[in-house]
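Structure data follow from target.cif (mmCIF, C-alpha atoms):
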data_model
loop_
_atom_site.label_atom_id
_atom_site.label_comp_id
_atom_site.auth_asym_id
_atom_site.auth_seq_id
_atom_site.Cartn_x
_atom_site.Cartn_y
_atom_site.Cartn_z
CA MET O 1 -27.52 1.50 -22.49
CA GLN O 2 -28.26 5.15 -21.83
CA PHE O 3 -27.20 8.32 -23.64
CA ARG O 4 -25.15 9.46 -20.66
CA ASP O 5 -23.00 6.34 -20.98
CA PHE O 6 -21.29 8.00 -23.95
CA PHE O 7 -20.03 10.91 -21.84
CA PRO O 8 -16.56 10.89 -20.24
CA VAL O 9 -16.17 8.99 -16.98
CA SER O 10 -14.53 10.84 -14.10
CA THR O 11 -11.06 9.50 -13.30
CA ASN O 12 -10.73 11.41 -9.99
CA THR O 13 -7.24 12.45 -11.09
CA GLY O 14 -5.86 15.75 -9.79
CA LEU O 15 -4.13 18.38 -11.91
CA LYS O 16 -0.78 17.54 -10.33
CA GLU O 17 -1.01 13.88 -11.39
CA CYS O 18 -2.09 14.96 -14.89
CA GLY O 19 0.99 17.17 -15.09
CA TYR O 20 3.25 14.41 -13.79
CA GLY O 21 1.89 12.01 -16.41
CA ALA O 22 2.37 14.44 -19.30
CA LEU O 23 5.85 15.49 -18.18
CA GLY O 24 6.87 11.88 -17.64
CA ALA O 25 5.83 10.90 -21.16
CA PHE O 26 7.87 13.82 -22.55
CA ILE O 27 10.96 12.84 -20.58
CA GLY O 28 10.56 9.13 -21.32
CA LEU O 29 10.12 9.45 -25.07
CA LEU O 30 12.75 12.15 -25.45
CA GLY O 31 15.24 10.14 -23.42
CA THR O 32 14.45 6.91 -25.30
CA GLY O 33 14.80 8.67 -28.64
CA TRP O 34 18.11 10.31 -27.77
CA LEU O 35 19.57 7.12 -26.31
CA CYS O 36 18.58 5.13 -29.40
CA GLN O 37 19.64 7.71 -31.96
CA TRP O 38 22.85 9.00 -30.46
CA GLY O 39 23.74 6.85 -27.47
CA LEU O 40 23.40 3.53 -29.34
CA GLY O 41 24.04 4.86 -32.83
CA VAL O 42 20.73 3.56 -34.23
CA ASP O 43 19.86 5.56 -37.32
CA ALA O 44 16.81 3.86 -38.81
CA HIS O 45 13.52 3.52 -36.92
CA TRP O 46 15.12 4.66 -33.66
CA LEU O 47 11.72 5.29 -32.07
CA ILE O 48 8.55 3.53 -33.19
CA ALA O 49 5.08 5.08 -32.81
CA PRO O 50 3.62 2.44 -30.40
CA MET O 51 6.06 3.66 -27.73
CA GLY O 52 3.83 6.70 -27.40
CA ALA O 53 1.00 4.46 -26.22
CA SER O 54 3.34 2.62 -23.86
CA ALA O 55 4.41 5.98 -22.42
CA VAL O 56 0.78 6.89 -21.68
CA LEU O 57 0.39 3.78 -19.54
CA LEU O 58 3.84 3.89 -17.94
CA PHE O 59 3.74 7.54 -16.90
CA ALA O 60 0.04 8.40 -16.64
CA ALA O 61 -1.31 5.12 -15.26
CA PRO O 62 1.64 3.33 -13.58
CA ALA O 63 -0.63 1.42 -11.19
CA SER O 64 -2.38 -0.35 -14.07
CA PRO O 65 -1.60 -4.07 -14.50
CA LEU O 66 -1.21 -3.26 -18.20
CA ALA O 67 1.68 -0.89 -17.44
CA GLN O 68 3.91 -3.21 -15.44
CA PRO O 69 7.44 -4.14 -16.58
CA TRP O 70 6.53 -7.68 -17.66
CA SER O 71 3.64 -6.37 -19.76
CA ILE O 72 5.72 -3.66 -21.42
CA VAL O 73 8.73 -5.78 -22.38
CA VAL O 74 7.16 -9.19 -22.98
CA GLY O 75 3.90 -7.80 -24.37
CA ASN O 76 5.66 -5.64 -26.95
CA GLY O 77 8.18 -8.40 -27.70
CA VAL O 78 5.72 -11.21 -28.45
CA SER O 79 3.50 -8.78 -30.37
CA ALA O 80 6.42 -7.81 -32.57
CA LEU O 81 7.13 -11.49 -33.22
CA MET O 82 3.50 -12.14 -34.22
CA GLY O 83 3.57 -9.09 -36.48
CA VAL O 84 6.74 -10.21 -38.25
CA ALA O 85 5.34 -13.72 -38.73
CA SER O 86 2.09 -12.40 -40.20
CA ALA O 87 3.88 -9.95 -42.52
CA THR O 88 6.17 -12.75 -43.76
CA LEU O 89 3.61 -15.51 -44.25
CA ILE O 90 0.49 -13.62 -45.43
CA PRO O 91 0.75 -11.60 -48.68
CA ASP O 92 -2.60 -9.81 -48.36
CA LEU O 93 -2.05 -6.58 -46.37
CA ALA O 94 -5.50 -6.40 -44.76
CA LEU O 95 -5.51 -10.07 -43.78
CA ALA O 96 -1.95 -9.89 -42.46
CA SER O 97 -2.82 -6.81 -40.36
CA ALA O 98 -5.85 -8.48 -38.80
CA CYS O 99 -3.98 -11.71 -38.11
CA ALA O 100 -1.04 -9.83 -36.60
CA VAL O 101 -3.21 -8.08 -34.03
CA MET O 102 -5.26 -11.20 -33.34
CA LEU O 103 -2.17 -13.34 -32.73
CA ALA O 104 -0.54 -10.59 -30.68
CA ILE O 105 -3.53 -10.45 -28.32
CA ALA O 106 -3.59 -14.23 -28.00
CA ALA O 107 0.16 -14.36 -27.32
CA MET O 108 -0.08 -11.61 -24.70
CA PHE O 109 -2.92 -13.40 -22.93
CA LEU O 110 -0.96 -16.67 -22.95
CA THR O 111 2.14 -15.00 -21.54
CA ARG O 112 0.10 -12.88 -19.08
CA SER O 113 1.62 -9.75 -20.61
CA LEU O 114 -1.40 -7.90 -21.99
CA HIS O 115 -0.22 -4.46 -23.08
CA PRO O 116 -2.52 -2.47 -25.43
CA PRO O 117 0.33 -0.86 -27.40
CA GLY O 118 1.34 -4.40 -28.36
CA GLY O 119 -1.45 -4.35 -30.96
CA ALA O 120 0.14 -1.31 -32.57
CA VAL O 121 3.58 -2.95 -32.41
CA ALA O 122 2.24 -5.97 -34.31
CA LEU O 123 0.42 -3.76 -36.83
CA THR O 124 3.54 -1.66 -37.46
CA ALA O 125 5.41 -4.80 -38.49
CA VAL O 126 2.86 -5.27 -41.28
CA ILE O 127 2.11 -1.73 -42.46
CA GLY O 128 5.36 0.00 -41.46
CA GLY O 129 6.73 -0.03 -45.00
CA GLU O 130 9.53 -1.76 -46.80
CA SER O 131 12.21 -0.56 -44.40
CA ILE O 132 10.42 -2.27 -41.50
CA ARG O 133 9.85 -5.44 -43.52
CA GLN O 134 13.55 -5.61 -44.38
CA LEU O 135 14.41 -5.82 -40.69
CA GLY O 136 12.64 -9.19 -40.49
CA VAL O 137 12.95 -10.83 -37.07
CA GLY O 138 15.49 -8.14 -36.19
CA TYR O 139 12.49 -5.81 -35.74
CA VAL O 140 11.73 -7.66 -32.49
CA LEU O 141 15.06 -6.74 -30.93
CA LEU O 142 15.71 -3.43 -32.67
CA PRO O 143 13.79 -1.22 -32.29
CA VAL O 144 10.97 -2.90 -30.28
CA LEU O 145 12.77 -4.45 -27.31
CA ILE O 146 15.43 -1.72 -27.19
CA ASN O 147 12.73 0.98 -27.17
CA SER O 148 10.69 -0.89 -24.55
CA CYS O 149 13.62 -1.49 -22.19
CA LEU O 150 14.94 2.08 -22.39
CA LEU O 151 11.46 3.53 -21.85
CA LEU O 152 10.96 1.17 -18.90
CA VAL O 153 14.26 2.17 -17.24
CA LEU O 154 13.34 5.85 -17.53
CA GLY O 155 9.84 5.09 -16.25
CA LEU O 156 11.21 3.23 -13.23
CA CYS O 157 13.46 6.16 -12.29
CA TYR O 158 10.74 8.76 -12.85
CA ASN O 159 8.01 6.95 -10.90
CA ARG O 160 10.32 6.14 -8.01
CA LEU O 161 11.46 9.78 -7.92
CA LEU O 162 7.82 10.84 -7.50
CA GLY O 163 7.28 8.27 -4.73
CA ARG O 164 4.87 6.17 -6.78
CA ARG O 165 4.60 2.45 -6.10
CA TYR O 166 6.12 1.07 -9.28
CA PRO O 167 6.38 -1.70 -10.22
CA ASN O 168 2.96 -2.44 -8.77
CA GLY O 169 3.03 -6.20 -8.40
CA GLY O 170 -0.49 -6.40 -6.97
CA LYS O 171 0.70 -8.36 -3.93
CA ALA O 172 -0.03 -7.45 -0.34
CA GLN O 173 2.87 -6.32 1.80
CA PRO O 174 3.92 -8.82 4.50
CA ASN O 175 2.45 -8.06 7.91
CA ARG O 176 4.50 -6.88 10.88
CA HIS O 177 4.74 -10.41 12.30
CA GLN O 178 6.36 -11.70 9.09
CA THR O 179 3.65 -14.31 8.55
CA ALA O 180 1.46 -15.06 5.54
CA ASP O 181 -1.69 -13.60 7.11
CA PRO O 182 -2.89 -10.24 5.77
CA GLU O 183 -3.06 -7.28 8.13
CA PRO O 184 -6.09 -7.40 10.46
CA SER O 185 -7.86 -4.55 8.66
CA ALA O 186 -7.68 -6.48 5.37
CA ARG O 187 -9.09 -9.77 6.60
CA LEU O 188 -12.80 -9.03 6.24
CA ALA O 189 -12.37 -8.42 2.52
CA SER O 190 -10.08 -11.38 1.83
CA ALA O 191 -8.27 -12.11 -1.41
CA THR O 192 -10.60 -15.05 -2.06
CA ASP O 193 -13.60 -12.70 -1.83
CA ILE O 194 -11.99 -10.33 -4.31
CA ASP O 195 -11.16 -13.26 -6.62
CA PHE O 196 -14.78 -14.45 -6.45
CA ALA O 197 -16.09 -11.01 -7.37
CA LEU O 198 -13.60 -10.63 -10.24
CA GLU O 199 -14.41 -14.09 -11.57
CA LYS O 200 -18.12 -13.38 -11.39
CA HIS O 201 -17.63 -10.09 -13.21
CA GLY O 202 -15.83 -11.95 -15.98
CA GLU O 203 -14.49 -8.98 -17.93
CA LEU O 204 -10.92 -7.74 -17.64
CA LEU O 205 -10.60 -4.80 -15.25
CA ASP O 206 -7.70 -2.39 -15.52
CA ILE O 207 -6.87 -2.61 -11.80
CA SER O 208 -4.87 -5.11 -9.77
CA ARG O 209 -6.49 -7.31 -7.15
CA GLN O 210 -4.41 -5.70 -4.40
CA ASP O 211 -5.36 -2.16 -5.46
CA LEU O 212 -9.01 -3.19 -5.58
CA GLN O 213 -8.74 -4.65 -2.08
CA GLU O 214 -7.05 -1.51 -0.77
CA LEU O 215 -9.78 0.70 -2.28
CA LEU O 216 -12.45 -1.45 -0.67
CA GLN O 217 -10.65 -1.27 2.68
CA GLU O 218 -10.33 2.53 2.48
CA ALA O 219 -14.02 2.84 1.61
CA GLN O 220 -14.93 0.69 4.61
CA LEU O 221 -12.73 2.76 6.92
CA HIS O 222 -14.26 5.97 5.59
CA ALA O 223 -17.73 4.59 6.29
CA LEU O 224 -16.60 3.66 9.81
CA ARG O 225 -15.27 7.16 10.34
CA GLU O 226 -18.56 8.69 9.25
CA ARG O 227 -20.36 6.42 11.66
CA VAL O 228 -18.23 6.68 14.81
CA GLY O 229 -16.44 9.97 14.19
CA THR O 230 -18.13 11.63 17.18
CA VAL O 231 -16.75 9.11 19.70
CA ARG O 232 -13.67 10.45 21.48
CA CYS O 233 -10.88 8.75 23.41
CA GLN O 234 -12.19 10.24 26.65
CA ASP O 235 -15.49 8.44 26.11
CA VAL O 236 -13.97 4.95 26.34
CA MET O 237 -10.54 5.25 27.98
CA SER O 238 -9.66 3.88 31.42
CA ARG O 239 -9.26 6.70 33.98
CA ASP O 240 -8.37 4.84 37.20
CA LEU O 241 -4.73 4.28 36.27
CA ILE O 242 -2.05 2.05 37.73
CA VAL O 243 1.23 3.91 37.23
CA ILE O 244 4.80 3.55 38.41
CA SER O 245 7.79 5.81 38.98
CA PRO O 246 10.95 5.44 36.85
CA ASP O 247 12.96 5.01 40.08
CA GLU O 248 11.01 1.92 41.20
CA SER O 249 12.56 -1.52 40.73
CA ALA O 250 11.64 -3.70 37.78
CA MET O 251 10.41 -6.33 40.28
CA ALA O 252 7.92 -3.78 41.66
CA ALA O 253 6.61 -3.27 38.14
CA TRP O 254 6.29 -7.04 37.72
CA ARG O 255 4.26 -7.32 40.93
CA LEU O 256 1.90 -4.53 39.88
CA LEU O 257 1.32 -6.07 36.46
CA ALA O 258 0.67 -9.48 38.00
CA HIS O 259 -1.61 -8.16 40.75
CA HIS O 260 -3.80 -6.05 38.45
CA ARG O 261 -3.64 -8.52 35.53
CA ILE O 262 -2.57 -5.89 33.04
CA LYS O 263 0.16 -5.84 30.42
CA ALA O 264 1.57 -2.31 30.63
CA LEU O 265 2.28 0.41 33.16
CA PRO O 266 2.60 4.10 32.28
CA VAL O 267 5.73 5.55 33.85
CA VAL O 268 5.25 9.05 35.30
CA ASP O 269 7.50 11.48 37.15
CA GLU O 270 6.64 13.34 40.36
CA SER O 271 4.55 15.93 38.49
CA GLY O 272 2.45 13.28 36.76
CA ARG O 273 4.15 13.79 33.39
CA LEU O 274 4.43 10.71 31.18
CA VAL O 275 8.08 9.72 30.68
CA GLY O 276 7.69 6.20 29.29
CA ILE O 277 5.87 2.91 29.46
CA ILE O 278 6.95 -0.52 30.68
CA THR O 279 5.32 -3.73 29.49
CA LEU O 280 5.48 -7.44 30.18
CA HIS O 281 7.58 -7.73 27.05
CA ASP O 282 10.12 -5.25 28.43
CA LEU O 283 10.41 -7.27 31.64
CA MET O 284 10.59 -10.68 30.00
CA ILE O 285 12.71 -10.09 26.88
CA ASP O 286 16.15 -8.53 26.62
CA ARG O 287 15.73 -6.43 23.48
CA GLU O 288 19.47 -6.13 22.82
CA ARG O 289 20.22 -9.83 23.12
CA GLN O 290 16.78 -11.00 21.99
CA GLN O 291 16.57 -13.59 24.74
CA PRO O 292 14.53 -14.08 27.93
CA ARG O 293 15.60 -12.19 31.04
CA GLU O 294 16.42 -14.11 34.20
CA ALA O 295 13.79 -13.50 36.89
CA ILE O 296 16.46 -13.01 39.53
CA ALA O 297 17.92 -10.11 37.52
CA LEU O 298 14.73 -8.03 37.72
CA ALA O 299 15.58 -6.95 41.25
CA GLN O 300 18.79 -5.43 39.91
CA TRP O 301 17.08 -3.21 37.35
CA ARG O 302 15.10 -0.01 37.72
CA VAL O 303 12.01 0.78 35.67
CA ALA O 304 13.95 3.60 33.97
CA ASP O 305 16.47 1.04 32.67
CA LEU O 306 13.90 -1.15 30.92
CA MET O 307 11.01 1.13 29.97
CA THR O 308 10.23 2.34 26.46
CA ARG O 309 10.81 6.09 26.32
CA GLU O 310 9.35 6.88 22.91
CA VAL O 311 5.65 6.32 23.49
CA ARG O 312 2.88 6.88 20.99
CA THR O 313 0.10 8.81 22.72
CA ALA O 314 -3.41 10.07 22.03
CA ARG O 315 -5.30 13.18 23.11
CA SER O 316 -8.45 12.98 25.19
CA HIS O 317 -10.53 14.84 22.56
CA GLN O 318 -9.08 12.82 19.66
CA PRO O 319 -11.63 10.79 17.63
CA LEU O 320 -11.48 7.08 18.39
CA TYR O 321 -11.44 6.36 14.67
CA ASP O 322 -7.97 7.92 14.32
CA LEU O 323 -6.47 5.11 16.42
CA VAL O 324 -8.05 2.11 14.69
CA GLY O 325 -5.05 1.57 12.41
CA ALA O 326 -2.56 1.80 15.28
CA PHE O 327 -4.35 -0.90 17.25
CA SER O 328 -5.05 -3.19 14.28
CA ASP O 329 -2.31 -3.10 11.66
CA GLY O 330 0.08 -1.13 13.91
CA GLY O 331 0.04 -3.85 16.56
CA LEU O 332 -0.28 -1.55 19.60
CA HIS O 333 -1.92 -2.99 22.70
CA HIS O 334 -2.16 0.15 24.82
CA MET O 335 -1.88 3.90 24.31
CA PRO O 336 -1.60 6.57 27.02
CA VAL O 337 -4.03 9.49 26.69
CA LEU O 338 -2.75 12.98 27.53
CA GLU O 339 -4.01 16.46 28.19
CA GLY O 340 -1.02 18.65 27.58
CA GLU O 341 1.81 16.60 29.13
CA ARG O 342 -0.37 15.21 31.92
CA LEU O 343 -1.49 11.59 31.79
CA VAL O 344 -5.29 11.38 32.11
CA GLY O 345 -6.09 7.90 30.84
CA ILE O 346 -5.03 4.85 28.89
CA LEU O 347 -6.69 3.21 25.91
CA THR O 348 -6.23 -0.52 25.33
CA GLN O 349 -7.17 -2.98 22.63
CA SER O 350 -9.91 -4.23 24.93
CA ASP O 351 -11.37 -0.73 25.23
CA MET O 352 -11.24 -0.29 21.46
CA VAL O 353 -12.85 -3.64 20.67
CA ALA O 354 -15.58 -3.20 23.28
CA ALA O 355 -16.42 0.31 22.06
CA LEU O 356 -16.59 -0.58 18.37
CA PHE O 357 -18.54 -3.78 19.08
CA THR O 358 -21.06 -1.91 21.23
CA LEU O 359 -21.51 0.78 18.57
CA ALA O 360 -22.01 -1.89 15.91
CA LEU O 361 -24.74 -3.61 17.96
CA GLN O 362 -26.37 -0.41 19.20
CA PRO O 363 -25.97 2.31 16.54
CA GLY O 364 -28.28 4.59 18.53
CA LEU O 365 -25.53 5.11 21.08
CA ILE O 366 -23.61 7.20 18.60
CA ASP O 367 -26.26 9.91 18.72
CA GLU O 368 -26.01 9.99 22.50
CA VAL O 369 -22.28 10.78 22.45
CA VAL O 370 -21.86 14.55 22.62
CA PRO O 371 -18.90 15.76 20.56
CA SER O 372 -16.27 17.50 22.64
CA PRO O 373 -15.61 21.17 21.92
#
Could you rewrite the structure in this file as C-alpha cells?
Amino acid sequence: MQFRDFFPVSTNTGLKECGYGALGAFIGLLGTGWLCQWGLGVDAHWLIAPMGASAVLLFAAPASPLAQPWSIVVGNGVSALMGVASATLIPDLALASACAVMLAIAAMFLTRSLHPPGGAVALTAVIGGESIRQLGVGYVLLPVLINSCLLLVLGLCYNRLLGRRYPNGGKAQPNRHQTADPEPSARLASATDIDFALEKHGELLDISRQDLQELLQEAQLHALRERVGTVRCQDVMSRDLIVISPDESAMAAWRLLAHHRIKALPVVDESGRLVGIITLHDLMIDRERQQPREAIALAQWRVADLMTREVRTARSHQPLYDLVGAFSDGGLHHMPVLEGERLVGILTQSDMVAALFTLALQPGLIDEVVPSP
C-alpha cells in the first residue's frame, strides 16, 4: 500500500456525462417523489433516503451491473424484507442494524441482485423510527418497491433518451449471421478468457463481462492502429482490375468471374466512374424472392438489373486500419478504392489478411511504408 493509493482515482468521465448524471438524479428523485406524494396519494414516507443512492447508480453509472433493473428492484426488495425481519425479531438496536445489513447482503448475493443502496434500505427498516416500524412487512411494498419501480421507469426513459445502453445486460449482440459465434474481432479475447481472468481476480468488479471484453477489444484495436496506421489502401490494393459495363449481360459477368476466379466485379460507365458492383451472390440468389436463380435466366438479365448500386468505397490514401471493422465484423469481402469518382483499385479480404499477417511477422516493414501526403 502506498500513500498515493488514498488519492482519487480518475474515472475518465467527461463534464457532459457528469452533468447528465446529476440532472438525471434530480429528475428521477423529483419525479418519484411527486408521483408517490400526489400521483399515488402516499402521505407518509413517500420517498426514503436510500433512493438517493439508487439514483446515483441509475443515472450516473447506468452501465454498472449494480445499477441494472433486477438489482434495483429485487436488491432493494429483499433488503427491505431482511431489515423488517431483523427489526421485528431482534430487540437490541445495534445488533438488529448489523444483522439487517448482513442478511441483506447475503440475500442480494443469493438472488444475484447486489445493489449497494440495499444496505441502507435494510438499515432504514431498523433505525427509521416508530413510523417505519409500524409499517411492518408493508414497508417492503410501500415505500421501498414503489419507490424503486418509479425511479427505475424514469431512469429507463432518461437513459434511453440520451442514447445510453440501458438496461446493460452484459451479453454480446448476435452477429450478422444470426449464429451463436461472437463477431470475428471479439474471438481472440473470448468470453471464457474473460471468465478465467475474473475468476482468478476473485474480487467483485463493478463492470460487466461484456463491457470488459469490449474495452479490451477497443484497446487492442487502438494498439493495432498505432502500429499499422501508416499503411494506406494504395499500398496493398489490387490495381489491375477486371471490370464490366452495366450494359453487359449477366452471363458475361458470370464468365468473367469464373475465368478470373474472383467473387466480385466493379461496374463502371464509359468514363470509368464506379456505378455499382456485381457479385456471385447477386448472380446466384434472387434477393427479392430469396431463392436461387435459374442459370438459363442469366442471359435475359443485364448487369445493371442485378448489380448493387449502393457500394461502400475507400479512398486510396485512407489508412488500412479504418477498414478492419468493415471486413471483419461488417462482413464485406471486397471494397472498391476511388480517387475522386474514378476507380483506381479494389481491396479484398485476401489483401487485408495478407497485409496484416505480413506486418505482424515483419514489423520492420511498417517503417518502410512512406505515409502519403
With 10 Å as the threshold, what does the neighbourhood of (7.4, -2.6, -18.7) contain in terms of residues, counting all atoms listed in the file? Coordinates are those of the file; answer as an mmCIF file with C-alpha atoms, keeping the file's coordinate frame.
data_model
loop_
_atom_site.group_PDB
_atom_site.id
_atom_site.type_symbol
_atom_site.label_atom_id
_atom_site.label_comp_id
_atom_site.auth_asym_id
_atom_site.auth_seq_id
_atom_site.Cartn_x
_atom_site.Cartn_y
_atom_site.Cartn_z
ATOM 1 C CA SER O 54 3.340 2.620 -23.860
ATOM 2 C CA ALA O 55 4.410 5.980 -22.420
ATOM 3 C CA LEU O 57 0.390 3.780 -19.540
ATOM 4 C CA LEU O 58 3.840 3.890 -17.940
ATOM 5 C CA PRO O 62 1.640 3.330 -13.580
ATOM 6 C CA LEU O 66 -1.210 -3.260 -18.200
ATOM 7 C CA ALA O 67 1.680 -0.890 -17.440
ATOM 8 C CA GLN O 68 3.910 -3.210 -15.440
ATOM 9 C CA PRO O 69 7.440 -4.140 -16.580
ATOM 10 C CA TRP O 70 6.530 -7.680 -17.660
ATOM 11 C CA SER O 71 3.640 -6.370 -19.760
ATOM 12 C CA ILE O 72 5.720 -3.660 -21.420
ATOM 13 C CA VAL O 73 8.730 -5.780 -22.380
ATOM 14 C CA VAL O 74 7.160 -9.190 -22.980
ATOM 15 C CA GLY O 75 3.900 -7.800 -24.370
ATOM 16 C CA ASN O 76 5.660 -5.640 -26.950
ATOM 17 C CA SER O 113 1.620 -9.750 -20.610
ATOM 18 C CA HIS O 115 -0.220 -4.460 -23.080
ATOM 19 C CA SER O 148 10.690 -0.890 -24.550
ATOM 20 C CA CYS O 149 13.620 -1.490 -22.190
ATOM 21 C CA LEU O 150 14.940 2.080 -22.390
ATOM 22 C CA LEU O 151 11.460 3.530 -21.850
ATOM 23 C CA LEU O 152 10.960 1.170 -18.900
ATOM 24 C CA VAL O 153 14.260 2.170 -17.240
ATOM 25 C CA GLY O 155 9.840 5.090 -16.250
ATOM 26 C CA LEU O 156 11.210 3.230 -13.230
ATOM 27 C CA PRO O 167 6.380 -1.700 -10.220
#
Could you tell me which residues the PyMOL selection byres ((chain O and resi 89-105) around 8) returns for this structure, as a ChimeraX atom specification? /O:78-80,82-88,106-109,114,118-120,122-123,126-127
On this structure, which residues satisfy the PyMOL selection byres ((chain O and resi 344) around 10), written as JSON, numbers by chain? {"O": [234, 237, 238, 239, 240, 241, 272, 273, 274, 315, 316, 336, 337, 338, 339, 340, 341, 342, 343, 345, 346]}
Mind checking which residues fall within 12 Å of segment 27-33 of chain O, counting only C-alpha atoms, ignoring those fewer than 5 positions away in the same chain, and posting them as JSON, numbers by chain? {"O": [20, 21, 22, 38, 39, 40, 41, 42, 43, 44, 45, 46, 47, 48, 49, 50, 51, 52, 53, 54, 55, 56, 57, 58, 59, 60, 143, 144, 145, 146, 147, 148, 149, 150, 151, 152, 153, 154, 155, 156, 157, 158, 159]}
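From atom CA of Asp329 of chain O back to atom CA of Leu256 of chain O, the distance works out to 28.6 Å.
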Compile the contact shell of Cys233 of chain O as a list in words: residues with an atom at most 7 Å away, counting only C-alpha atoms, same-chain residues fewer than 2 positions apart removed.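 Answer for this query is Val231, Asp235, Val236, Met237, Ser316, His317, Gln318, Pro319 and Leu320 of chain O.
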Return the padded bounding box of segment 309-328 of chain O as JSON: axis-aligned, built from all atoms listed in the file, 6 Å added on each side, with centre and edge lengths in Å to one decimal.
{"center_x": -0.4, "center_y": 5.8, "center_z": 19.4, "size_x": 34.4, "size_y": 30.0, "size_z": 25.9}
Find the residues near Lys263 of chain O: any atom within 10 Å, counting all atoms listed in the file, skip ones fewer than 5 places away on the same chain, and give them as a ChimeraX atom specification. /O:254,256-258,278-281,333-334,348
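Relative to atom CA of Val267 of chain O, atom CA of Asp247 of chain O is found at 9.6 Å.
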For atom CA of Leu356 of chain O and atom CA of Arg232 of chain O, determine how far apart the two atoms are, in Å to one decimal place.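 Computing it gives 11.8 Å between the two atoms.
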Among listed residues O:Leu162, O:Ile285, O:Arg112, O:Met352, nearest Lys16 of chain O (using all atoms listed in the file):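 Closest to Lys16 of chain O of all the choices is O:Leu162.
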Compute the distance from (9.2, -2.3, 42.2) to each atom, counting only C-alpha atoms, keep the residues with any atom at most 12 Å away, and return them as a VMD selection string; use the coordinates of the file. chain O and resid 243 to 258 265 267 278 283 298 to 304
Using only C-alpha atoms, which of the listed residues (O:Met307, O:Gly325, O:Gly169, O:Met335) sits closest to Ala63 of chain O?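 Of all the options, O:Gly169 lies closest to Ala63 of chain O.
With all atoms listed in the file as the atoms that count, the minimum distance from Ala61 of chain O to the choices O:Gly276, O:Gly136, O:Gly24, O:Gly163 is reached by O:Gly24.
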